[in-house]
$ cat entry39.txt   # compact mmCIF, C-alpha atoms
# COMPACT_ATOMS: atom_id res chain seq x y z
CA MET A 1451 0.00 0.00 0.00
CA ALA A 1452 1.86 3.07 -1.27
CA ASN A 1453 2.25 6.20 0.87
CA THR A 1454 0.30 4.83 3.82
CA PRO A 1455 1.10 6.42 7.19
CA LEU A 1456 0.54 3.01 8.80
CA SER A 1457 3.10 0.38 9.73
CA GLU A 1458 3.91 -1.70 6.65
CA LYS A 1459 4.08 -4.78 8.87
CA MET A 1460 0.57 -4.18 10.21
CA VAL A 1461 -0.81 -3.63 6.73
CA ASN A 1462 0.71 -6.96 5.68
CA PHE A 1463 -0.65 -8.62 8.81
CA MET A 1464 -4.12 -7.33 8.03
CA GLU A 1465 -3.92 -8.73 4.50
CA SER A 1466 -3.01 -12.15 5.90
CA ALA A 1467 -5.24 -11.80 8.96
CA SER A 1468 -6.64 -14.73 10.85
CA TRP A 1469 -8.83 -17.04 8.78
CA ILE A 1470 -10.95 -17.49 11.89
CA ARG A 1471 -12.01 -13.86 11.96
CA LYS A 1472 -12.48 -13.78 8.19
CA MET A 1473 -14.93 -16.65 8.37
CA PHE A 1474 -16.65 -15.12 11.38
CA GLU A 1475 -17.24 -11.97 9.35
CA GLU A 1476 -18.45 -14.04 6.39
CA GLY A 1477 -20.88 -15.70 8.77
CA ALA A 1478 -22.33 -12.35 9.75
CA ARG A 1479 -22.89 -11.58 6.04
CA LEU A 1480 -24.56 -14.91 5.32
CA LYS A 1481 -26.80 -14.65 8.39
CA LYS A 1482 -27.94 -11.23 7.27
CA GLU A 1483 -28.58 -12.50 3.73
CA HIS A 1484 -30.19 -15.88 4.49
CA GLY A 1485 -31.30 -15.61 8.12
CA ALA A 1486 -29.35 -16.78 11.16
CA GLU A 1487 -31.53 -19.86 11.53
CA LYS A 1488 -30.29 -21.21 8.15
CA VAL A 1489 -26.54 -20.72 8.67
CA CYS A 1490 -24.40 -23.33 10.46
CA ASP A 1491 -21.54 -21.29 11.85
CA PHE A 1492 -18.66 -23.42 13.14
CA SER A 1493 -15.98 -20.79 12.58
CA LEU A 1494 -15.23 -19.34 16.00
CA GLY A 1495 -14.29 -21.04 19.25
CA ASN A 1496 -16.63 -18.86 21.28
CA PRO A 1497 -18.06 -21.04 24.10
CA ASP A 1498 -21.84 -20.98 24.20
CA LEU A 1499 -22.44 -22.69 27.55
CA PRO A 1500 -23.38 -20.42 30.47
CA PRO A 1501 -20.79 -19.92 33.21
CA PRO A 1502 -21.21 -22.20 36.24
CA ALA A 1503 -23.67 -20.97 38.87
CA ALA A 1504 -20.83 -20.77 41.41
CA PHE A 1505 -19.01 -18.24 39.23
CA LYS A 1506 -22.11 -16.07 38.88
CA GLU A 1507 -22.57 -16.09 42.64
CA THR A 1508 -18.97 -15.15 43.38
CA LEU A 1509 -19.06 -12.46 40.69
CA GLU A 1510 -22.11 -10.87 42.27
CA LYS A 1511 -20.50 -11.09 45.70
CA SER A 1512 -17.28 -9.52 44.42
CA ALA A 1513 -19.15 -6.72 42.64
CA ALA A 1514 -21.04 -5.92 45.86
CA ASP A 1515 -17.84 -5.51 47.87
CA ARG A 1516 -17.59 -1.92 49.16
CA THR A 1517 -14.26 -2.28 50.97
CA PRO A 1518 -12.14 0.88 50.50
CA GLY A 1519 -9.47 0.38 47.85
CA VAL A 1520 -11.11 -2.71 46.39
CA HIS A 1521 -10.73 -1.25 42.89
CA ALA A 1522 -7.24 0.18 43.44
CA TYR A 1523 -3.96 -0.85 41.86
CA MET A 1524 -2.36 -3.95 43.30
CA PRO A 1525 1.05 -5.59 42.72
CA ASN A 1526 1.61 -6.14 39.00
CA ALA A 1527 1.48 -9.89 39.60
CA GLY A 1528 -2.03 -9.63 41.00
CA ILE A 1529 -3.87 -9.68 44.32
CA PRO A 1530 -1.82 -11.83 46.75
CA TRP A 1531 -4.72 -13.85 48.20
CA VAL A 1532 -5.98 -14.54 44.68
CA ARG A 1533 -2.58 -15.84 43.61
CA HIS A 1534 -2.50 -18.06 46.70
CA LYS A 1535 -5.78 -19.69 45.66
CA ILE A 1536 -4.57 -20.09 42.08
CA ALA A 1537 -1.34 -21.68 43.33
CA SER A 1538 -3.36 -24.25 45.26
CA GLN A 1539 -5.17 -25.25 42.06
CA VAL A 1540 -1.92 -25.38 40.04
CA GLN A 1541 -0.47 -27.65 42.71
CA LYS A 1542 -3.37 -30.07 42.15
CA ASP A 1543 -3.15 -29.89 38.35
CA HIS A 1544 0.62 -30.20 38.05
CA ALA A 1545 1.65 -32.19 41.14
CA VAL A 1546 4.32 -29.70 42.19
CA SER A 1547 4.69 -27.56 45.29
CA ILE A 1548 4.09 -24.01 44.12
CA SER A 1549 3.32 -20.74 45.91
CA LEU A 1550 1.78 -17.38 45.06
CA ASP A 1551 5.30 -16.13 44.30
CA GLU A 1552 5.28 -18.25 41.11
CA ILE A 1553 1.89 -16.96 39.91
CA ILE A 1554 1.11 -13.87 37.82
CA MET A 1555 -2.49 -12.94 37.02
CA THR A 1556 -2.84 -11.94 33.36
CA CYS A 1557 -5.28 -10.63 30.78
CA GLY A 1558 -6.09 -14.11 29.52
CA ALA A 1559 -3.70 -16.66 28.06
CA ALA A 1560 -2.93 -14.25 25.22
CA GLY A 1561 -1.69 -11.72 27.75
CA GLY A 1562 0.21 -14.53 29.43
CA LEU A 1563 2.00 -15.59 26.24
CA ASN A 1564 2.91 -12.00 25.45
CA ILE A 1565 4.53 -11.36 28.84
CA ILE A 1566 6.38 -14.69 28.58
CA PHE A 1567 7.76 -13.85 25.15
CA LYS A 1568 8.64 -10.33 26.26
CA ALA A 1569 10.52 -11.76 29.23
CA ILE A 1570 12.55 -14.45 27.44
CA LEU A 1571 13.10 -13.43 23.81
CA ASN A 1572 16.04 -11.64 22.27
CA PRO A 1573 15.73 -10.50 18.63
CA GLY A 1574 15.90 -13.55 16.37
CA ASP A 1575 15.24 -16.11 19.10
CA GLU A 1576 13.08 -19.01 17.97
CA ILE A 1577 9.97 -20.65 19.40
CA ILE A 1578 9.31 -24.19 18.13
CA VAL A 1579 5.64 -25.18 17.83
CA PRO A 1580 4.10 -28.41 16.48
CA ARG A 1581 1.56 -28.13 13.68
CA PRO A 1582 -1.35 -27.52 13.78
CA PHE A 1583 -1.29 -24.51 16.08
CA PHE A 1584 -3.30 -21.44 17.00
CA VAL A 1585 -2.52 -18.86 14.30
CA GLU A 1586 -2.07 -15.95 16.72
CA TYR A 1587 1.20 -17.52 17.88
CA HIS A 1588 2.83 -16.01 14.79
CA PHE A 1589 1.78 -12.51 15.84
CA TYR A 1590 2.68 -12.97 19.50
CA THR A 1591 6.24 -14.06 18.73
CA ASP A 1592 6.65 -11.26 16.21
CA ASN A 1593 5.48 -8.76 18.84
CA HIS A 1594 8.73 -9.46 20.68
CA GLN A 1595 11.10 -9.85 17.70
CA GLY A 1596 11.05 -13.61 17.88
CA LYS A 1597 10.51 -16.20 15.17
CA LEU A 1598 7.94 -19.00 15.24
CA VAL A 1599 9.30 -22.30 13.88
CA PRO A 1600 6.47 -24.75 13.05
CA VAL A 1601 7.38 -28.45 12.88
CA ARG A 1602 5.48 -31.48 11.64
CA CYS A 1603 3.28 -33.64 13.83
CA ASN A 1604 2.44 -37.32 13.45
CA SER A 1605 -0.52 -38.37 11.29
CA ASP A 1606 -2.77 -38.50 14.38
CA PHE A 1607 -1.59 -34.99 15.40
CA SER A 1608 0.51 -36.36 18.28
CA LEU A 1609 3.95 -34.89 18.98
CA ASP A 1610 6.73 -35.84 16.58
CA ILE A 1611 9.70 -35.63 18.95
CA GLN A 1612 12.22 -36.19 16.15
CA ALA A 1613 10.86 -33.18 14.27
CA ILE A 1614 11.31 -31.05 17.39
CA ARG A 1615 14.83 -32.44 17.88
CA ASP A 1616 15.74 -31.59 14.28
CA ALA A 1617 14.49 -28.00 14.68
CA ILE A 1618 16.54 -27.18 17.79
CA ASN A 1619 19.53 -24.92 17.20
CA GLU A 1620 21.50 -22.26 19.06
CA ASN A 1621 18.64 -19.76 18.56
CA THR A 1622 15.97 -21.98 20.11
CA LYS A 1623 14.56 -20.34 23.23
CA ALA A 1624 11.40 -22.38 23.83
CA VAL A 1625 9.06 -25.13 22.69
CA LEU A 1626 5.40 -24.10 22.82
CA ILE A 1627 2.65 -26.70 23.08
CA ASN A 1628 -1.12 -26.43 23.39
CA SER A 1629 -2.98 -29.43 24.86
CA PRO A 1630 -5.86 -30.15 24.40
CA ASN A 1631 -4.93 -28.73 21.06
CA ASN A 1632 -6.65 -26.03 19.08
CA PRO A 1633 -7.54 -27.01 16.33
CA SER A 1634 -7.18 -30.81 16.53
CA GLY A 1635 -8.61 -31.56 19.99
CA VAL A 1636 -5.68 -33.94 20.62
CA ILE A 1637 -4.24 -34.33 24.12
CA TYR A 1638 -0.49 -34.96 24.04
CA SER A 1639 0.25 -38.17 25.95
CA GLU A 1640 2.25 -38.45 29.15
CA ASP A 1641 4.85 -40.56 27.34
CA SER A 1642 5.36 -37.90 24.67
CA ILE A 1643 5.65 -35.16 27.32
CA ARG A 1644 8.19 -37.27 29.18
CA GLU A 1645 10.17 -37.81 25.97
CA LEU A 1646 10.05 -34.11 25.10
CA ALA A 1647 11.21 -33.17 28.60
CA GLY A 1648 14.06 -35.66 28.28
CA LEU A 1649 15.11 -34.14 24.97
CA LEU A 1650 15.21 -30.60 26.39
CA SER A 1651 17.09 -31.79 29.50
CA ASP A 1652 19.68 -33.50 27.29
CA VAL A 1653 20.19 -30.29 25.30
CA GLU A 1654 20.83 -28.36 28.50
CA LYS A 1655 23.30 -30.97 29.79
CA GLU A 1656 25.18 -31.28 26.51
CA LYS A 1657 25.19 -27.65 25.37
CA GLY A 1658 24.42 -25.62 28.48
CA GLN A 1659 21.46 -24.16 26.58
CA THR A 1660 18.25 -23.61 28.53
CA ILE A 1661 15.12 -24.18 26.44
CA PHE A 1662 11.84 -23.30 28.11
CA LEU A 1663 8.81 -25.54 27.71
CA ILE A 1664 5.75 -23.30 27.45
CA SER A 1665 2.30 -24.82 27.86
CA ASP A 1666 -0.76 -22.91 26.63
CA GLU A 1667 -3.62 -24.60 28.53
CA PRO A 1668 -7.00 -22.85 28.18
CA TYR A 1669 -8.68 -26.19 27.37
CA ARG A 1670 -7.10 -28.24 30.20
CA LYS A 1671 -10.44 -28.92 31.92
CA LEU A 1672 -12.27 -29.72 28.68
CA ALA A 1673 -11.15 -33.35 28.40
CA PHE A 1674 -13.50 -36.15 27.33
CA SER A 1675 -14.20 -39.77 28.27
CA GLY A 1676 -12.13 -39.64 31.42
CA ALA A 1677 -9.02 -38.38 29.62
CA SER A 1678 -6.61 -36.22 31.58
CA VAL A 1679 -4.01 -33.67 30.55
CA PRO A 1680 -0.50 -34.59 31.73
CA SER A 1681 1.45 -32.22 33.94
CA LEU A 1682 4.52 -30.71 32.34
CA MET A 1683 6.00 -29.27 35.52
CA LYS A 1684 6.62 -32.63 37.15
CA HIS A 1685 8.65 -33.73 34.11
CA TYR A 1686 10.68 -30.61 33.33
CA ALA A 1687 12.03 -27.83 35.53
CA ASN A 1688 12.06 -25.02 32.97
CA THR A 1689 8.32 -25.10 32.39
CA ILE A 1690 6.05 -22.06 32.16
CA VAL A 1691 2.29 -22.61 32.04
CA THR A 1692 -0.22 -20.03 30.88
CA THR A 1693 -3.96 -20.42 30.80
CA SER A 1694 -7.23 -18.56 30.93
CA PHE A 1695 -10.70 -19.09 32.37
CA SER A 1696 -12.26 -18.34 28.98
CA LYS A 1697 -13.21 -21.90 28.14
CA ASP A 1698 -13.62 -23.76 31.45
CA LEU A 1699 -15.74 -20.98 32.98
CA SER A 1700 -17.17 -19.75 29.64
CA ILE A 1701 -16.05 -16.14 30.18
CA PRO A 1702 -13.82 -15.33 27.16
CA GLY A 1703 -14.84 -11.67 27.10
CA GLU A 1704 -13.59 -11.10 30.65
CA ARG A 1705 -9.94 -11.64 29.61
CA ILE A 1706 -8.65 -13.23 32.80
CA GLY A 1707 -5.98 -15.91 33.23
CA TYR A 1708 -2.58 -16.49 34.77
CA VAL A 1709 1.02 -17.58 34.26
CA ALA A 1710 2.57 -20.21 36.54
CA VAL A 1711 6.33 -20.80 36.65
CA ASN A 1712 7.88 -24.04 37.86
CA PRO A 1713 9.58 -23.27 41.21
CA GLU A 1714 12.60 -25.24 39.95
CA ALA A 1715 13.04 -23.14 36.80
CA ARG A 1716 16.50 -21.76 36.10
CA ASP A 1717 16.97 -18.16 37.31
CA LYS A 1718 13.43 -18.24 38.63
CA GLU A 1719 13.63 -15.00 40.60
CA LEU A 1720 15.00 -13.16 37.58
CA LEU A 1721 12.33 -14.71 35.36
CA MET A 1722 9.52 -13.70 37.73
CA GLY A 1723 10.88 -10.15 37.84
CA ALA A 1724 10.95 -10.00 34.04
CA LEU A 1725 7.38 -11.33 33.77
CA ASN A 1726 6.16 -8.79 36.33
CA LEU A 1727 7.85 -5.94 34.49
CA ALA A 1728 6.51 -7.17 31.13
CA ASN A 1729 2.98 -7.19 32.58
CA ARG A 1730 3.38 -3.53 33.40
CA ILE A 1731 5.26 -2.14 30.42
CA LEU A 1732 3.17 -3.96 27.81
CA GLY A 1733 0.28 -1.91 29.13
CA PHE A 1734 -1.65 -4.61 30.95
CA VAL A 1735 -0.41 -3.15 34.31
CA ASN A 1736 -2.42 -5.80 36.12
CA ALA A 1737 -5.29 -8.16 35.36
CA PRO A 1738 -8.77 -6.73 36.11
CA ALA A 1739 -9.29 -6.64 39.89
CA LEU A 1740 -12.95 -7.65 39.85
CA MET A 1741 -12.29 -10.69 37.67
CA GLN A 1742 -9.32 -11.72 39.79
CA ARG A 1743 -11.53 -11.90 42.87
CA ALA A 1744 -14.34 -13.65 41.01
CA VAL A 1745 -12.25 -16.44 39.48
CA ALA A 1746 -10.31 -17.01 42.70
CA GLU A 1747 -13.48 -18.15 44.42
CA ALA A 1748 -14.47 -20.34 41.44
CA VAL A 1749 -11.06 -21.68 40.46
CA SER A 1750 -12.10 -25.32 40.86
CA GLU A 1751 -15.39 -24.88 38.95
CA GLN A 1752 -16.03 -25.60 35.27
CA VAL A 1753 -18.79 -25.85 32.72
CA ASP A 1754 -20.50 -29.18 32.11
CA THR A 1755 -17.97 -30.85 29.82
CA SER A 1756 -20.38 -33.71 29.12
CA ILE A 1757 -22.39 -31.33 26.92
CA TYR A 1758 -19.37 -30.75 24.67
CA GLU A 1759 -18.64 -34.48 24.66
CA LYS A 1760 -22.21 -35.26 23.58
CA ARG A 1761 -21.86 -32.74 20.74
CA ARG A 1762 -18.54 -34.27 19.74
CA ASP A 1763 -20.13 -37.72 19.45
CA MET A 1764 -23.08 -36.31 17.51
CA PHE A 1765 -20.75 -34.53 15.10
CA ALA A 1766 -18.52 -37.59 14.72
CA ASP A 1767 -21.53 -39.55 13.48
CA ILE A 1768 -22.47 -36.81 11.02
CA LEU A 1769 -18.95 -36.48 9.62
CA SER A 1770 -18.58 -40.27 9.35
CA ARG A 1771 -21.85 -40.60 7.45
CA ALA A 1772 -20.72 -37.83 5.11
CA GLY A 1773 -17.50 -39.75 4.41
CA LEU A 1774 -15.01 -37.38 6.04
CA SER A 1775 -11.81 -38.66 7.63
CA PHE A 1776 -10.87 -37.31 11.07
CA THR A 1777 -9.10 -38.00 14.37
CA LEU A 1778 -11.61 -38.07 17.22
CA PRO A 1779 -10.98 -35.07 19.52
CA GLN A 1780 -9.98 -35.96 23.09
CA GLY A 1781 -10.73 -32.49 24.42
CA ALA A 1782 -11.49 -28.82 23.60
CA PHE A 1783 -14.40 -28.32 21.16
CA TYR A 1784 -12.92 -28.71 17.68
CA PHE A 1785 -12.75 -31.25 14.87
CA PHE A 1786 -9.92 -31.02 12.35
CA PRO A 1787 -10.97 -33.31 9.46
CA LYS A 1788 -8.94 -34.01 6.36
CA SER A 1789 -10.24 -32.18 3.31
CA PRO A 1790 -11.38 -34.40 0.41
CA LEU A 1791 -9.87 -31.81 -1.93
CA GLU A 1792 -6.12 -31.15 -1.95
CA ASP A 1793 -6.78 -27.43 -1.58
CA GLU A 1794 -8.88 -27.29 1.57
CA THR A 1795 -9.91 -23.69 0.88
CA LYS A 1796 -11.91 -24.98 -2.13
CA PHE A 1797 -13.76 -27.45 0.09
CA VAL A 1798 -14.36 -24.75 2.70
CA ARG A 1799 -15.94 -22.69 -0.09
CA LEU A 1800 -18.16 -25.65 -1.06
CA LEU A 1801 -19.29 -25.85 2.56
CA GLN A 1802 -19.87 -22.10 2.57
CA GLU A 1803 -22.20 -22.50 -0.42
CA GLU A 1804 -24.14 -24.94 1.78
CA LEU A 1805 -24.27 -22.21 4.47
CA ILE A 1806 -21.72 -24.08 6.62
CA LEU A 1807 -18.84 -22.02 7.96
CA THR A 1808 -15.52 -23.68 8.85
CA VAL A 1809 -11.88 -22.52 8.82
CA PRO A 1810 -9.15 -23.73 6.42
CA GLY A 1811 -6.23 -25.61 7.97
CA SER A 1812 -3.86 -23.12 6.36
CA GLY A 1813 -4.89 -20.77 9.13
CA PHE A 1814 -3.41 -23.26 11.63
CA GLY A 1815 -0.22 -24.02 9.76
CA LEU A 1816 -1.47 -27.29 8.27
CA PRO A 1817 -3.06 -27.12 4.81
CA GLY A 1818 -5.22 -30.01 3.67
CA TYR A 1819 -7.44 -29.93 6.75
CA PHE A 1820 -10.17 -27.65 8.08
CA ARG A 1821 -11.44 -26.77 11.55
CA ILE A 1822 -14.96 -27.16 12.89
CA ALA A 1823 -15.83 -25.51 16.22
CA PHE A 1824 -18.70 -27.39 17.88
CA CYS A 1825 -19.36 -24.96 20.74
CA VAL A 1826 -22.79 -24.32 19.24
CA ASP A 1827 -26.36 -25.43 19.92
CA ASP A 1828 -27.18 -29.08 19.19
CA GLU A 1829 -29.75 -28.06 16.56
CA VAL A 1830 -27.07 -26.27 14.51
CA ILE A 1831 -25.01 -29.44 14.45
CA LYS A 1832 -27.97 -31.59 13.41
CA ARG A 1833 -28.99 -29.08 10.72
CA SER A 1834 -25.54 -29.26 9.11
CA GLU A 1835 -25.69 -32.94 8.12
CA THR A 1836 -27.35 -32.47 4.74
CA GLY A 1837 -24.93 -29.69 3.83
CA PHE A 1838 -21.86 -31.79 4.68
CA LYS A 1839 -23.18 -34.66 2.55
CA ARG A 1840 -23.90 -32.39 -0.41
CA ALA A 1841 -20.48 -30.75 -0.17
CA MET A 1842 -18.80 -34.17 -0.10
CA GLU A 1843 -20.81 -35.27 -3.16
CA ARG A 1844 -19.76 -32.13 -5.01
CA ALA A 1845 -16.12 -32.67 -4.00
CA ALA A 1846 -16.26 -36.27 -5.24
CA SER A 1847 -17.74 -35.08 -8.54
CA GLU A 1848 -14.98 -32.48 -8.89
CA ILE A 1849 -12.33 -35.14 -8.28
CA GLN A 1850 -13.90 -37.41 -10.91
CA ASP A 1851 -14.05 -34.61 -13.45
CA LYS A 1852 -10.40 -33.81 -12.81
CA LEU A 1853 -9.40 -37.45 -13.27
CA ALA A 1854 -11.46 -37.72 -16.45
CA SER A 1855 -9.74 -34.68 -17.97
CA SER A 1856 -6.25 -35.83 -16.99
CA PRO A 1857 -4.00 -36.59 -20.02
CA LEU A 1858 -3.08 -39.88 -18.32
CA GLN A 1859 -6.65 -41.13 -18.66
CA GLY A 1860 -7.76 -43.05 -21.75
$ encode --input "entry39.txt" --output "structure tokens"
Amino acid sequence: MANTPLSEKMVNFMESASWIRKMFEEGARLKKEHGAEKVCDFSLGNPDLPPPAAFKETLEKSAADRTPGVHAYMPNAGIPWVRHKIASQVQKDHAVSISLDEIIMTCGAAGGLNIIFKAILNPGDEIIVPRPFFVEYHFYTDNHQGKLVPVRCNSDFSLDIQAIRDAINENTKAVLINSPNNPSGVIYSEDSIRELAGLLSDVEKEKGQTIFLISDEPYRKLAFSGASVPSLMKHYANTIVTTSFSKDLSIPGERIGYVAVNPEARDKELLMGALNLANRILGFVNAPALMQRAVAEAVSEQVDTSIYEKRRDMFADILSRAGLSFTLPQGAFYFFPKSPLEDETKFVRLLQEELILTVPGSGFGLPGYFRIAFCVDDEVIKRSETGFKRAMERAASEIQDKLASSPLQG
């Protein structure tokens, strides 16, 4: 864009902006044109379940508090008694002894990742991430002059430890994982976490190079069929966990979460100081006081995960009957099926013509697949079945036509 007063980088970012938001905006257009009741919008991971009753009660109680100074600034890390309660929950989740001194309240997991990257990255440092991954990771690393290095996963979206090993070099500062994963719904196994931790420990012993293991965990509590999300902290000292209450309490608009640092992390005091300073100078200053108090009293609560599991099973039947190939999600609220067409954006357009909105896998670093968010009403899922079948029939017809016109045929 010639002669623009804007940042060239931001203009380029806007041109390649998140597919998720693009499809969300397309959904708004289609709903206006055809009526919301006819559009099946699976584009955005915006939880539709109401927050637990316990959260609503504690929110009302917190809002009614008239104690002087209740809305004042607090330490950048957050209200001390809140961090103490969060630490107690982290201790249960990760099986490590942790205190409020290792907790920083943040503006969601996005705020958490940004203060982590601000604290640890030098210009040109690299963050390794397995594909598929949440597209905003690119922007977050760039915010702090880092470089995101995507690596392959296995065919079932599990961690490919060899691919991570091959990507490590002298510029590697961290490995970032997200489990349950957005967009695949896969939970990385305890064995793979143990193997990854062993790899990073070996690098430190052999080269003296500390590589942080960063875990982005907003879907930790959304695990199905009795599955559990392994602790990283008990396997690796240099672990930093960030999460939010957006999904497990269904409050994404409140932008509240936290960062937890393994007490055994190298230079922990220095790291905590850097995270605290980053929280302030990035403009967050501190996480919202009201939300800190509200989530502290509801930290062990969560939405009814069985509702999401029921929807997953319903959707699995629909996708199977349509002939789509997929790995059954173990958590979160996403499917990531393989596209029947090599260019998944073409299949996403076929679905769009059936008034079904999904997101191309290119937006998650893995072309050839597409994401379906099933945090929607059951009736929307049921209504989509005919459209998925028609889109698959049209894709099959397109493949046949292409084969018939190939010079190798006949």
$ closest_residue --input "entry39.txt" --among "A:Ala1613, A:Leu1721, A:Leu1778, A:Val1625" --to "A:Ser1675" --atoms "all atoms listed in the file"
A:Leu1778
$ residues_around --input "entry39.txt" --residues "stretch 1756-1768 of chain A" --least-positions-apart "4" --cutoff "8 Å" --atoms "all atoms listed in the file" --output "list in words"
Phe1674, Ser1675, Ala1772, Leu1778, Pro1779, Phe1783, Phe1824, Cys1825, Asp1828, Ile1831, Lys1832 and Glu1835 of chain A
$ closest_residue --input "entry39.txt" --among "A:Ser1700, A:Asn1632, A:Gln1612, A:Asn1593" --to "A:Leu1732" --atoms "only C-alpha atoms"
A:Asn1593
$ closest_residue --input "entry39.txt" --among "A:Thr1692, A:Thr1622, A:Thr1808, A:Ser1750" --to "A:Ala1710" --atoms "all atoms listed in the file"
A:Thr1692
$ residues_around --input "entry39.txt" --residues "A:Thr1591" --least-positions-apart "5" --cutoff "8 Å" --atoms "all atoms listed in the file" --output "number ranges by chain"
A: 1564, 1567, 1577, 1596-1598
$ atom_distance --input "entry39.txt" --atom1 "atom CA of A:Tyr1638" --atom2 "atom CA of A:Ser1681"
10.5 Å
$ atom_distance --input "entry39.txt" --atom1 "atom CA of A:Pro1580" --atom2 "atom CA of A:Ile1614"
7.7 Å
$ closest_residue --input "entry39.txt" --among "A:Thr1836, A:Asn1712, A:Asn1631, A:Asn1453" --to "A:Arg1581" --atoms "all atoms listed in the file"
A:Asn1631
$ residues_around --input "entry39.txt" --residues "A:Gly1558" --least-positions-apart "4" --cutoff "7 Å" --atoms "only C-alpha atoms" --output "list in words"
Gly1562, Thr1693, Ser1694, Arg1705, Ile1706, Gly1707 and Tyr1708 of chain A
$ atom_distance --input "entry39.txt" --atom1 "atom CA of A:Ile1664" --atom2 "atom CA of A:Val1691"
5.8 Å
$ closest_residue --input "entry39.txt" --among "A:Ala1624, A:Ile1565, A:Ala1782, A:Ala1715" --to "A:Lys1671" --atoms "all atoms listed in the file"
A:Ala1782
$ build_atoms --input "entry39.txt" --residues "stretch 1554-1569 of chain A" --atoms "N, CA and C atoms" --output "PDB file, in the coordinates of the input"
ATOM      1  N   ILE A1554       1.402 -15.228  38.281  1.00  0.00           N
ATOM      2  CA  ILE A1554       1.110 -13.870  37.820  1.00  0.00           C
ATOM      3  C   ILE A1554      -0.260 -13.881  37.153  1.00  0.00           C
ATOM      4  N   MET A1555      -1.178 -13.064  37.642  1.00  0.00           N
ATOM      5  CA  MET A1555      -2.490 -12.940  37.020  1.00  0.00           C
ATOM      6  C   MET A1555      -2.346 -12.113  35.738  1.00  0.00           C
ATOM      7  N   THR A1556      -3.016 -12.566  34.673  1.00  0.00           N
ATOM      8  CA  THR A1556      -2.840 -11.940  33.360  1.00  0.00           C
ATOM      9  C   THR A1556      -4.177 -11.660  32.681  1.00  0.00           C
ATOM     10  N   CYS A1557      -4.105 -10.899  31.615  1.00  0.00           N
ATOM     11  CA  CYS A1557      -5.280 -10.630  30.780  1.00  0.00           C
ATOM     12  C   CYS A1557      -5.446 -11.791  29.796  1.00  0.00           C
ATOM     13  N   GLY A1558      -5.891 -12.920  30.333  1.00  0.00           N
ATOM     14  CA  GLY A1558      -6.090 -14.110  29.520  1.00  0.00           C
ATOM     15  C   GLY A1558      -4.781 -14.809  29.191  1.00  0.00           C
ATOM     16  N   ALA A1559      -4.899 -15.936  28.478  1.00  0.00           N
ATOM     17  CA  ALA A1559      -3.700 -16.660  28.060  1.00  0.00           C
ATOM     18  C   ALA A1559      -2.927 -15.889  27.003  1.00  0.00           C
ATOM     19  N   ALA A1560      -3.621 -15.081  26.211  1.00  0.00           N
ATOM     20  CA  ALA A1560      -2.930 -14.250  25.220  1.00  0.00           C
ATOM     21  C   ALA A1560      -2.016 -13.249  25.915  1.00  0.00           C
ATOM     22  N   GLY A1561      -2.530 -12.611  26.963  1.00  0.00           N
ATOM     23  CA  GLY A1561      -1.690 -11.720  27.750  1.00  0.00           C
ATOM     24  C   GLY A1561      -0.541 -12.477  28.379  1.00  0.00           C
ATOM     25  N   GLY A1562      -0.830 -13.707  28.833  1.00  0.00           N
ATOM     26  CA  GLY A1562       0.210 -14.530  29.430  1.00  0.00           C
ATOM     27  C   GLY A1562       1.325 -14.848  28.460  1.00  0.00           C
ATOM     28  N   LEU A1563       0.976 -15.271  27.235  1.00  0.00           N
ATOM     29  CA  LEU A1563       2.000 -15.590  26.240  1.00  0.00           C
ATOM     30  C   LEU A1563       2.827 -14.355  25.886  1.00  0.00           C
ATOM     31  N   ASN A1564       2.178 -13.211  25.810  1.00  0.00           N
ATOM     32  CA  ASN A1564       2.910 -12.000  25.450  1.00  0.00           C
ATOM     33  C   ASN A1564       3.900 -11.583  26.533  1.00  0.00           C
ATOM     34  N   ILE A1565       3.544 -11.734  27.809  1.00  0.00           N
ATOM     35  CA  ILE A1565       4.530 -11.360  28.840  1.00  0.00           C
ATOM     36  C   ILE A1565       5.651 -12.400  28.906  1.00  0.00           C
ATOM     37  N   ILE A1566       5.331 -13.664  28.611  1.00  0.00           N
ATOM     38  CA  ILE A1566       6.380 -14.690  28.580  1.00  0.00           C
ATOM     39  C   ILE A1566       7.375 -14.387  27.478  1.00  0.00           C
ATOM     40  N   PHE A1567       6.862 -14.124  26.270  1.00  0.00           N
ATOM     41  CA  PHE A1567       7.760 -13.850  25.150  1.00  0.00           C
ATOM     42  C   PHE A1567       8.565 -12.567  25.365  1.00  0.00           C
ATOM     43  N   LYS A1568       7.922 -11.572  25.958  1.00  0.00           N
ATOM     44  CA  LYS A1568       8.640 -10.330  26.260  1.00  0.00           C
ATOM     45  C   LYS A1568       9.776 -10.591  27.237  1.00  0.00           C
ATOM     46  N   ALA A1569       9.540 -11.488  28.183  1.00  0.00           N
ATOM     47  CA  ALA A1569      10.520 -11.760  29.230  1.00  0.00           C
ATOM     48  C   ALA A1569      11.699 -12.598  28.736  1.00  0.00           C
TER      49      ALA A1569
END
